[in-house]
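Raw query_10.json, JSON, C-alpha atoms and all ligand atoms:
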[["chain", "number", "residue", "atom", "x", "y", "z"],
["X", 1, "MET", "CA", 0.00, 0.00, 0.00],
["X", 2, "PRO", "CA", 1.51, 3.32, -1.01],
["X", 3, "ASN", "CA", 2.54, 5.90, 1.55],
["X", 4, "ASP", "CA", 1.48, 8.87, -0.56],
["X", 5, "LEU", "CA", -2.18, 8.53, 0.31],
["X", 6, "SER", "CA", -4.48, 11.54, 0.56],
["X", 7, "PRO", "CA", -5.60, 12.41, 4.13],
["X", 8, "ILE", "CA", -9.03, 10.94, 3.44],
["X", 9, "ASP", "CA", -7.55, 7.66, 2.23],
["X", 10, "LYS", "CA", -5.21, 7.56, 5.24],
["X", 11, "ALA", "CA", -8.26, 8.02, 7.47],
["X", 12, "LYS", "CA", -10.11, 5.20, 5.72],
["X", 13, "PHE", "CA", -7.04, 3.00, 5.81],
["X", 14, "VAL", "CA", -6.32, 3.39, 9.53],
["X", 15, "ALA", "CA", -9.97, 2.71, 10.38],
["X", 16, "ALA", "CA", -9.84, -0.44, 8.26],
["X", 17, "LYS", "CA", -6.52, -1.54, 9.74],
["X", 18, "LYS", "CA", -7.79, -1.07, 13.30],
["X", 19, "ALA", "CA", -10.86, -3.17, 12.44],
["X", 20, "THR", "CA", -8.66, -6.15, 11.62],
["X", 21, "ASP", "CA", -7.92, -6.41, 15.39],
["X", 22, "TYR", "CA", -11.45, -7.74, 15.78],
["X", 23, "VAL", "CA", -11.00, -10.52, 13.22],
["X", 24, "LYS", "CA", -9.87, -13.82, 14.74],
["X", 25, "ALA", "CA", -8.87, -17.14, 13.18],
["X", 26, "GLY", "CA", -11.78, -19.29, 12.09],
["X", 27, "MET", "CA", -14.26, -16.43, 11.92],
["X", 28, "LYS", "CA", -16.88, -16.00, 9.23],
["X", 29, "VAL", "CA", -16.69, -12.33, 8.32],
["X", 30, "GLY", "CA", -19.11, -10.18, 6.34],
["X", 31, "LEU", "CA", -17.14, -8.00, 3.94],
["X", 32, "GLY", "CA", -18.69, -4.61, 3.21],
["X", 33, "SER", "CA", -18.65, -2.60, 0.00],
["X", 34, "GLY", "CA", -17.23, 0.77, -0.96],
["X", 35, "SER", "CA", -13.82, 2.41, -0.79],
["X", 36, "THR", "CA", -13.32, 2.07, 3.00],
["X", 37, "ALA", "CA", -14.40, -1.56, 2.96],
["X", 38, "ALA", "CA", -12.00, -2.15, 0.06],
["X", 39, "TRP", "CA", -9.12, -1.11, 2.35],
["X", 40, "LEU", "CA", -10.37, -3.61, 4.90],
["X", 41, "VAL", "CA", -10.44, -6.41, 2.34],
["X", 42, "GLN", "CA", -6.88, -5.56, 1.33],
["X", 43, "CYS", "CA", -5.70, -5.50, 4.97],
["X", 44, "LEU", "CA", -7.38, -8.86, 5.62],
["X", 45, "GLY", "CA", -5.86, -10.29, 2.46],
["X", 46, "GLU", "CA", -2.46, -9.28, 3.73],
["X", 47, "LEU", "CA", -3.07, -11.10, 7.02],
["X", 48, "VAL", "CA", -4.27, -14.18, 5.13],
["X", 49, "ARG", "CA", -1.22, -14.23, 2.87],
["X", 50, "ASP", "CA", 1.52, -13.13, 5.31],
["X", 51, "LYS", "CA", 0.28, -14.39, 8.68],
["X", 52, "GLY", "CA", -1.76, -17.40, 7.58],
["X", 53, "LEU", "CA", -4.98, -16.01, 9.06],
["X", 54, "ARG", "CA", -7.79, -18.48, 8.34],
["X", 55, "ILE", "CA", -11.13, -16.78, 7.75],
["X", 56, "GLN", "CA", -14.08, -17.15, 5.45],
["X", 57, "GLY", "CA", -15.54, -14.00, 3.91],
["X", 58, "VAL", "CA", -19.10, -13.30, 2.84],
["X", 59, "PRO", "CA", -19.01, -10.37, 0.38],
["X", 60, "THR", "CA", -21.82, -7.84, 0.11],
["X", 61, "SER", "CA", -21.36, -7.08, -3.58],
["X", 62, "MET", "CA", -19.88, -8.54, -6.74],
["X", 63, "ARG", "CA", -17.10, -5.94, -6.56],
["X", 64, "THR", "CA", -16.13, -6.97, -3.05],
["X", 65, "ALA", "CA", -16.31, -10.67, -3.97],
["X", 66, "GLN", "CA", -13.87, -10.10, -6.81],
["X", 67, "LEU", "CA", -11.45, -8.10, -4.65],
["X", 68, "ALA", "CA", -11.63, -10.64, -1.81],
["X", 69, "ARG", "CA", -10.73, -13.48, -4.19],
["X", 70, "GLU", "CA", -7.91, -11.42, -5.70],
["X", 71, "VAL", "CA", -6.30, -10.83, -2.29],
["X", 72, "GLY", "CA", -6.62, -14.48, -1.27],
["X", 73, "ILE", "CA", -9.60, -14.51, 1.10],
["X", 74, "GLU", "CA", -11.77, -17.64, 0.95],
["X", 75, "VAL", "CA", -15.17, -16.48, -0.27],
["X", 76, "ILE", "CA", -18.38, -18.28, 0.70],
["X", 77, "SER", "CA", -22.03, -17.35, 0.25],
["X", 78, "LEU", "CA", -24.28, -16.25, 3.09],
["X", 79, "ASP", "CA", -26.28, -19.44, 2.66],
["X", 80, "GLU", "CA", -23.12, -21.49, 3.13],
["X", 81, "ALA", "CA", -22.13, -19.43, 6.18],
["X", 82, "LYS", "CA", -25.69, -19.29, 7.61],
["X", 83, "TRP", "CA", -24.56, -16.91, 10.37],
["X", 84, "LEU", "CA", -21.53, -14.65, 10.73],
["X", 85, "ASP", "CA", -19.29, -13.73, 13.64],
["X", 86, "LEU", "CA", -18.72, -10.22, 12.43],
["X", 87, "THR", "CA", -19.44, -7.84, 9.57],
["X", 88, "ILE", "CA", -17.20, -4.86, 8.84],
["X", 89, "ASP", "CA", -18.50, -2.22, 6.43],
["X", 90, "GLY", "CA", -18.32, 1.46, 5.60],
["X", 91, "ALA", "CA", -21.18, 3.95, 5.92],
["X", 92, "ASP", "CA", -22.33, 7.20, 4.39],
["X", 93, "GLU", "CA", -23.46, 8.64, 7.74],
["X", 94, "TYR", "CA", -23.53, 7.53, 11.38],
["X", 95, "ASP", "CA", -25.16, 9.30, 14.30],
["X", 96, "GLY", "CA", -24.59, 9.26, 18.08],
["X", 97, "ASN", "CA", -26.72, 6.11, 18.47],
["X", 98, "LEU", "CA", -24.67, 4.42, 15.74],
["X", 99, "ASN", "CA", -27.62, 4.41, 13.38],
["X", 100, "LEU", "CA", -26.51, 4.63, 9.78],
["X", 101, "ILE", "CA", -27.27, 5.70, 6.26],
["X", 102, "LYS", "CA", -25.77, 3.23, 3.78],
["X", 103, "GLY", "CA", -26.11, 2.53, 0.10],
["X", 104, "GLY", "CA", -24.03, 5.30, -1.46],
["X", 105, "GLY", "CA", -22.35, 2.54, -3.44],
["X", 106, "GLY", "CA", -25.68, 0.86, -4.23],
["X", 107, "ALA", "CA", -25.06, -2.31, -2.21],
["X", 108, "LEU", "CA", -27.41, -1.60, 0.71],
["X", 109, "LEU", "CA", -29.62, -4.68, 0.24],
["X", 110, "GLN", "CA", -26.90, -7.30, 0.54],
["X", 111, "GLU", "CA", -25.13, -5.15, 3.14],
["X", 112, "LYS", "CA", -28.20, -5.06, 5.37],
["X", 113, "ILE", "CA", -28.92, -8.77, 5.00],
["X", 114, "VAL", "CA", -25.31, -9.68, 5.81],
["X", 115, "ALA", "CA", -24.96, -7.24, 8.73],
["X", 116, "THR", "CA", -28.25, -8.43, 10.24],
["X", 117, "ALA", "CA", -27.02, -12.04, 10.04],
["X", 118, "SER", "CA", -23.95, -11.20, 12.15],
["X", 119, "ASP", "CA", -23.20, -11.31, 15.86],
["X", 120, "GLN", "CA", -21.53, -7.92, 15.53],
["X", 121, "MET", "CA", -21.37, -5.11, 12.96],
["X", 122, "ILE", "CA", -18.42, -2.74, 12.93],
["X", 123, "VAL", "CA", -18.53, 0.38, 10.77],
["X", 124, "ILE", "CA", -15.28, 1.87, 9.56],
["X", 125, "ALA", "CA", -15.40, 5.50, 8.51],
["X", 126, "ASP", "CA", -13.60, 8.79, 8.37],
["X", 127, "ILE", "CA", -14.87, 11.60, 10.59],
["X", 128, "SER", "CA", -16.72, 13.29, 7.69],
["X", 129, "LYS", "CA", -19.38, 10.56, 7.98],
["X", 130, "GLN", "CA", -20.38, 11.67, 11.47],
["X", 131, "ALA", "CA", -23.78, 13.40, 11.70],
["X", 132, "GLU", "CA", -25.70, 14.84, 14.61],
["X", 133, "THR", "CA", -28.92, 13.98, 12.78],
["X", 134, "LEU", "CA", -29.06, 11.65, 9.78],
["X", 135, "GLY", "CA", -30.27, 12.93, 6.43],
["X", 136, "ALA", "CA", -27.75, 15.30, 4.86],
["X", 137, "PHE", "CA", -26.65, 12.33, 2.75],
["X", 138, "PRO", "CA", -29.50, 11.36, 0.39],
["X", 139, "LEU", "CA", -31.18, 8.20, 1.65],
["X", 140, "PRO", "CA", -30.88, 5.37, -0.91],
["X", 141, "VAL", "CA", -33.99, 3.23, -1.36],
["X", 142, "GLU", "CA", -33.79, 0.12, -3.53],
["X", 143, "VAL", "CA", -36.89, -0.39, -5.69],
["X", 144, "ILE", "CA", -37.81, -3.03, -8.22],
["X", 145, "PRO", "CA", -37.74, -1.77, -11.84],
["X", 146, "PHE", "CA", -41.40, -2.70, -12.46],
["X", 147, "GLY", "CA", -43.46, 0.44, -11.94],
["X", 148, "TRP", "CA", -40.61, 2.35, -10.33],
["X", 149, "LYS", "CA", -42.19, 5.71, -11.22],
["X", 150, "THR", "CA", -45.35, 4.76, -9.35],
["X", 151, "THR", "CA", -43.23, 3.65, -6.40],
["X", 152, "GLN", "CA", -41.42, 6.99, -6.54],
["X", 153, "THR", "CA", -44.75, 8.89, -6.45],
["X", 154, "LEU", "CA", -45.93, 6.81, -3.49],
["X", 155, "ILE", "CA", -42.68, 7.49, -1.65],
["X", 156, "GLU", "CA", -42.94, 11.24, -2.25],
["X", 157, "GLU", "CA", -46.57, 11.31, -1.10],
["X", 158, "THR", "CA", -45.65, 9.34, 2.01],
["X", 159, "LEU", "CA", -42.77, 11.68, 2.85],
["X", 160, "ILE", "CA", -45.19, 14.62, 3.15],
["X", 161, "GLY", "CA", -46.55, 13.17, 6.41],
["X", 162, "LEU", "CA", -43.18, 12.32, 7.92],
["X", 163, "ASP", "CA", -40.63, 14.20, 10.01],
["X", 164, "VAL", "CA", -38.19, 15.11, 7.23],
["X", 165, "LEU", "CA", -37.05, 18.48, 5.86],
["X", 166, "GLY", "CA", -36.94, 17.61, 2.15],
["X", 167, "GLN", "CA", -39.26, 15.46, 0.05],
["X", 168, "THR", "CA", -37.67, 15.28, -3.39],
["X", 169, "THR", "CA", -36.36, 12.05, -4.83],
["X", 170, "SER", "CA", -34.23, 11.16, -7.82],
["X", 171, "LEU", "CA", -33.55, 7.99, -9.76],
["X", 172, "ARG", "CA", -29.87, 7.09, -9.48],
["X", 173, "MET", "CA", -28.23, 7.02, -12.90],
["X", 174, "ASN", "CA", -25.19, 5.29, -14.32],
["X", 175, "GLY", "CA", -24.34, 7.54, -17.25],
["X", 176, "ASP", "CA", -27.46, 7.72, -19.43],
["X", 177, "ALA", "CA", -29.11, 4.60, -17.99],
["X", 178, "PRO", "CA", -30.66, 3.92, -14.58],
["X", 179, "PHE", "CA", -28.20, 2.43, -12.09],
["X", 180, "VAL", "CA", -28.79, -1.31, -11.63],
["X", 181, "THR", "CA", -27.92, -3.01, -8.34],
["X", 182, "ASP", "CA", -26.39, -6.48, -8.01],
["X", 183, "GLU", "CA", -29.95, -7.74, -7.49],
["X", 184, "GLY", "CA", -31.16, -6.11, -10.73],
["X", 185, "ASN", "CA", -33.06, -3.29, -9.02],
["X", 186, "HIS", "CA", -32.94, 0.53, -9.19],
["X", 187, "ILE", "CA", -32.09, 3.06, -6.48],
["X", 188, "LEU", "CA", -34.14, 6.13, -5.61],
["X", 189, "ASP", "CA", -32.16, 8.71, -3.64],
["X", 190, "LEU", "CA", -34.31, 10.61, -1.14],
["X", 191, "HIS", "CA", -33.13, 14.19, -0.53],
["X", 192, "LEU", "CA", -34.44, 14.62, 3.00],
["X", 193, "ASN", "CA", -31.80, 16.97, 4.49],
["X", 194, "ARG", "CA", -32.85, 16.01, 8.01],
["X", 195, "ILE", "CA", -34.48, 12.81, 9.25],
["X", 196, "GLY", "CA", -36.35, 13.49, 12.50],
["X", 197, "ASN", "CA", -37.44, 9.91, 13.18],
["X", 198, "ALA", "CA", -35.22, 7.41, 11.37],
["X", 199, "ARG", "CA", -36.86, 4.33, 12.89],
["X", 200, "GLN", "CA", -40.33, 5.39, 11.75],
["X", 201, "LEU", "CA", -39.09, 6.40, 8.30],
["X", 202, "SER", "CA", -37.39, 3.04, 7.81],
["X", 203, "LEU", "CA", -40.50, 1.08, 8.80],
["X", 204, "VAL", "CA", -42.83, 3.18, 6.64],
["X", 205, "MET", "CA", -40.59, 3.08, 3.55],
["X", 206, "ASN", "CA", -40.42, -0.71, 3.64],
["X", 207, "GLN", "CA", -44.22, -0.95, 3.60],
["X", 208, "ILE", "CA", -44.53, 0.75, 0.21],
["X", 209, "PRO", "CA", -45.09, -1.77, -2.60],
["X", 210, "GLY", "CA", -42.10, -1.81, -4.93],
["X", 211, "VAL", "CA", -39.63, -0.87, -2.19],
["X", 212, "VAL", "CA", -37.17, -3.68, -1.58],
["X", 213, "GLU", "CA", -35.12, -2.10, 1.22],
["X", 214, "ASN", "CA", -33.92, 1.27, 2.44],
["X", 215, "GLY", "CA", -30.46, 2.42, 3.51],
["X", 216, "LEU", "CA", -31.27, 3.17, 7.15],
["X", 217, "PHE", "CA", -29.49, 0.75, 9.47],
["X", 218, "ILE", "CA", -31.23, 1.08, 12.83],
["X", 219, "ASP", "CA", -29.88, -0.84, 15.87],
["X", 220, "ILE", "CA", -27.65, -2.95, 13.63],
["X", 221, "CYS", "CA", -24.23, -1.38, 14.14],
["X", 222, "ASP", "CA", -22.44, -2.09, 17.45],
["X", 223, "THR", "CA", -19.15, -0.27, 16.96],
["X", 224, "VAL", "CA", -17.83, 2.58, 14.84],
["X", 225, "ILE", "CA", -14.11, 2.92, 14.17],
["X", 226, "ILE", "CA", -13.34, 6.47, 13.07],
["X", 227, "GLY", "CA", -10.12, 7.18, 11.19],
["X", 228, "TYR", "CA", -8.35, 10.54, 10.86],
["X", 229, "GLY", "CA", -5.88, 11.77, 8.28],
["X", 230, "ASP", "CA", -3.07, 11.98, 10.86],
["X", 231, "GLY", "CA", -3.36, 8.29, 11.68],
["X", 232, "LYS", "CA", -5.52, 8.64, 14.79],
["X", 233, "VAL", "CA", -8.33, 6.17, 15.27],
["X", 234, "GLU", "CA", -11.22, 6.34, 17.69],
["X", 235, "VAL", "CA", -13.45, 3.42, 18.65],
["X", 236, "ARG", "CA", -17.04, 4.06, 19.75],
["X", 237, "ASP", "CA", -18.89, 1.09, 21.11],
["X", 238, "MET", "CA", -22.64, 0.92, 21.83],
["X", 239, "ASN", "CA", -22.30, -1.66, 24.59],
["X", 240, "GLN", "CA", -19.21, -0.40, 26.37],
["X", 241, "GLY", "CA", -20.03, 3.24, 25.68],
["X", 242, "ALA", "CA", -16.34, 4.07, 25.84],
["X", 243, "ALA", "CA", -14.19, 5.76, 23.23],
["X", 244, "GLU", "CA", -10.86, 4.00, 22.81],
["X", 245, "GLU", "CA", -8.11, 5.83, 20.96],
["X", 246, "ALA", "CA", -4.97, 4.74, 19.14],
["X", 247, "LYS", "CA", -2.56, 6.28, 16.69],
["X", 248, "PHE", "CA", -0.98, 4.78, 13.61],
["X", 249, "ASP", "CA", 2.32, 6.36, 12.59],
["X", 250, "PHE", "CA", 3.00, 6.42, 8.89],
["X", 251, "LEU", "CA", 6.37, 4.89, 8.16],
["X", 252, "ASP", "CA", 8.81, 6.74, 5.93],
["X", 253, "ASP", "CA", 10.39, 3.69, 4.39],
["X", 254, "GLY", "CA", 7.76, 1.03, 4.91],
["X", 255, "ASN", "CA", 4.50, 0.40, 3.17],
["X", 256, "LEU", "CA", 2.38, 0.09, 6.27],
["X", 257, "PHE", "CA", 1.92, 1.59, 9.71],
["X", 258, "ILE", "CA", 3.11, 1.14, 13.28],
["X", 259, "ASP", "CA", 0.32, 0.83, 15.82],
["X", 260, "ASN", "CA", 1.05, 3.00, 18.89],
["X", 261, "ALA", "CA", -2.01, 2.19, 20.97],
["X", 262, "ASP", "CA", -2.27, 4.67, 23.83],
["X", 301, "LIG", "C1", -22.13, 1.00, -0.25],
["X", 301, "LIG", "C2", -22.05, 1.62, 1.09],
["X", 301, "LIG", "C3", -20.71, 2.15, 1.50],
["X", 301, "LIG", "O1", -20.34, 1.52, 2.67],
["X", 301, "LIG", "C4", -20.85, 3.62, 1.73],
["X", 301, "LIG", "O2", -21.33, 4.22, 0.54],
["X", 301, "LIG", "C5", -19.50, 4.25, 2.10],
["X", 301, "LIG", "O3", -18.65, 4.18, 1.01],
["X", 301, "LIG", "P1", -17.16, 4.71, 1.08],
["X", 301, "LIG", "O4", -16.42, 3.85, 2.06],
["X", 301, "LIG", "O5", -16.65, 4.57, -0.33],
["X", 301, "LIG", "O6", -17.20, 6.15, 1.53],
["X", 301, "LIG", "O7", -22.99, 1.70, 1.82],
["X", 301, "LIG", "O8", -23.45, 0.63, -0.56]]
Structure rendered as structure tokens:
Amino acid sequence: MPNDLSPIDKAKFVAAKKATDYVKAGMKVGLGSGSTAAWLVQCLGELVRDKGLRIQGVPTSMRTAQLAREVGIEVISLDEAKWLDLTIDGADEYDGNLNLIKGGGGALLQEKIVATASDQMIVIADISKQAETLGAFPLPVEVIPFGWKTTQTLIEETLIGLDVLGQTTSLRMNGDAPFVTDEGNHILDLHLNRIGNARQLSLVMNQIPGVVENGLFIDICDTVIIGYGDGKVEVRDMNQGAAEEAKFDFLDDGNLFIDNAD
């Protein structure tokens, strides 16, 4: 891994590296999607190759599955694993209760299924993902292609009665065509600005016909590991309530980091 990373990539990297402390031999691990999760997969691959760590990984997207195989992690399906010890994933926003918005990369459906089927979910993120109240990041909602415009109208009408600041929605595009998820669905991004009651919104969204799943992760995440550009990492845990801190020093001549846990 190169040492000339941007501060944001250093932050993502140190969060991912710290998360590997939680991965033990023999574990079945859910592997998230996105750029932060990609650092995690690379760090785990290094442990598999160099230290002989034995784990099985359940990827949350085709992209992650490909990367995991490339770095040498044994990949199994969720049905083969049945239940996971741990899932580690990125997030688009997290709040003080460790509730999340996910799906910026379009993988929210598999991510939510995998995280829910895990004893523990750890989110790795840089500090820019922290939010007092969720909603500045547009909420991704996965919808089936059939009748998606009708589903969009129903969502917008439903939002009028809910505790949100914005009510506009947009179909996520991939160039000139609608974005298609790994499950063959589309994504509607909900521009809400502020979500007053995330639990209620999540429940109501999932009752609308055509909605497959939404990107609110409520009471699913146990721990957030926050990385900073100077190598500092902070661990916030729902159960222990404590914030643990450590610092990774960037080596001049090496390709990795020294862990100077305080
Ligand atoms: C993908 C996700 C990602 O975890 C989220 O978008 C964060 O991505 P990144 O680590 O690239 O900032 O939910 O569906």
Within 8 Å of Phe137 in chain X, counting only C-alpha atoms, which residues qualify if same-chain residues fewer than 6 places away don't, as a list in words?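 That gives Asp92, Glu93, Ile101, His191 and Asn193 of chain X.
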Compute the distance from (-8.3, -17.7, 4.7) to each atom, counting all atoms listed in the file, keep the residues with any atom at most 8 Å away, and return them as number ranges by chain; use the coordinates of the file. X: 48, 52-56, 72-74
Each side padded by 3 Å, which centre and which edge lengths in Å (one decimal) define the axis-aligned box around the listed atoms of ligand LIG 301 (chain X)? Give them as lines of an AutoDock Vina configuration file.
center_x = -19.9
center_y = 3.4
center_z = 1.1
size_x = 13.0
size_y = 11.5
size_z = 9.2
Work out how far CA of Leu40 in chain X is from CA of Gly26 in chain X, in Å to one decimal. 17.3 Å
Show me which residues line ligand LIG 301 (chain X), defined as having an atom within 9 Å of a ligand atom where all atoms listed in the file count, and present them as a PDB file with C-alpha atoms, in the frame of the given file.
ATOM      1  CA  LYS X  12     -10.110   5.200   5.720  1.00  0.00           C
ATOM      2  CA  GLY X  32     -18.690  -4.610   3.210  1.00  0.00           C
ATOM      3  CA  SER X  33     -18.650  -2.600   0.000  1.00  0.00           C
ATOM      4  CA  GLY X  34     -17.230   0.770  -0.960  1.00  0.00           C
ATOM      5  CA  SER X  35     -13.820   2.410  -0.790  1.00  0.00           C
ATOM      6  CA  THR X  36     -13.320   2.070   3.000  1.00  0.00           C
ATOM      7  CA  ALA X  37     -14.400  -1.560   2.960  1.00  0.00           C
ATOM      8  CA  ALA X  38     -12.000  -2.150   0.060  1.00  0.00           C
ATOM      9  CA  TRP X  39      -9.120  -1.110   2.350  1.00  0.00           C
ATOM     10  CA  THR X  60     -21.820  -7.840   0.110  1.00  0.00           C
ATOM     11  CA  SER X  61     -21.360  -7.080  -3.580  1.00  0.00           C
ATOM     12  CA  ASP X  89     -18.500  -2.220   6.430  1.00  0.00           C
ATOM     13  CA  GLY X  90     -18.320   1.460   5.600  1.00  0.00           C
ATOM     14  CA  ALA X  91     -21.180   3.950   5.920  1.00  0.00           C
ATOM     15  CA  ASP X  92     -22.330   7.200   4.390  1.00  0.00           C
ATOM     16  CA  GLU X  93     -23.460   8.640   7.740  1.00  0.00           C
ATOM     17  CA  ILE X 101     -27.270   5.700   6.260  1.00  0.00           C
ATOM     18  CA  LYS X 102     -25.770   3.230   3.780  1.00  0.00           C
ATOM     19  CA  GLY X 103     -26.110   2.530   0.100  1.00  0.00           C
ATOM     20  CA  GLY X 104     -24.030   5.300  -1.460  1.00  0.00           C
ATOM     21  CA  GLY X 105     -22.350   2.540  -3.440  1.00  0.00           C
ATOM     22  CA  GLY X 106     -25.680   0.860  -4.230  1.00  0.00           C
ATOM     23  CA  ALA X 107     -25.060  -2.310  -2.210  1.00  0.00           C
ATOM     24  CA  LEU X 108     -27.410  -1.600   0.710  1.00  0.00           C
ATOM     25  CA  LEU X 109     -29.620  -4.680   0.240  1.00  0.00           C
ATOM     26  CA  GLN X 110     -26.900  -7.300   0.540  1.00  0.00           C
ATOM     27  CA  GLU X 111     -25.130  -5.150   3.140  1.00  0.00           C
ATOM     28  CA  VAL X 123     -18.530   0.380  10.770  1.00  0.00           C
ATOM     29  CA  ILE X 124     -15.280   1.870   9.560  1.00  0.00           C
ATOM     30  CA  ALA X 125     -15.400   5.500   8.510  1.00  0.00           C
ATOM     31  CA  ASP X 126     -13.600   8.790   8.370  1.00  0.00           C
ATOM     32  CA  LYS X 129     -19.380  10.560   7.980  1.00  0.00           C
ATOM     33  CA  PRO X 140     -30.880   5.370  -0.910  1.00  0.00           C
ATOM     34  CA  GLY X 215     -30.460   2.420   3.510  1.00  0.00           C
TER      35      GLY X 215
END
Please, what distance in Å, to one decimal, runs between CA of Ile208 in chain X and CA of Gly196 in chain X?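 Spanning CA of Ile208 in chain X to CA of Gly196 in chain X is a straight-line distance of 19.5 Å.
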Under the rule that only C-alpha atoms are counted, which of X:Ser77, X:Asn97, X:Thr64, X:Thr150 is the nearest residue to Arg199 in chain X?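 Under the stated criterion, the closest residue is X:Asn97.
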Looking at X:Asp189, X:Asp119, X:Asp176, X:Asp9, which one is nearest to Tyr228 in chain X, with distances taken over only C-alpha atoms?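 So, comparing all the options, the nearest one is X:Asp9.
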Pick out the residues sitting within 6 Å of range 181-187 of chain X, and hand them over as a ChimeraX atom specification; count only C-alpha atoms, and ignore anything fewer than 3 positions along from it in its own chain. /X:141-145,172
Hey, what's within 9 Å of Gln42 in chain X if we count all atoms listed in the file and toss same-chain stuff fewer than 3 positions away? As a list of chain:residue names, please?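 Within the cut-off, the hits are X:Met1, X:Ala37, X:Ala38, X:Trp39, X:Gly45, X:Glu46, X:Leu47, X:Leu67, X:Ala68, X:Val71.
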For CA of Leu190 in chain X and CA of Gly175 in chain X, quote the distance in Å rounded to one decimal.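 Value for the CA of Leu190 in chain X-CA of Gly175 in chain X distance: 19.2 Å.
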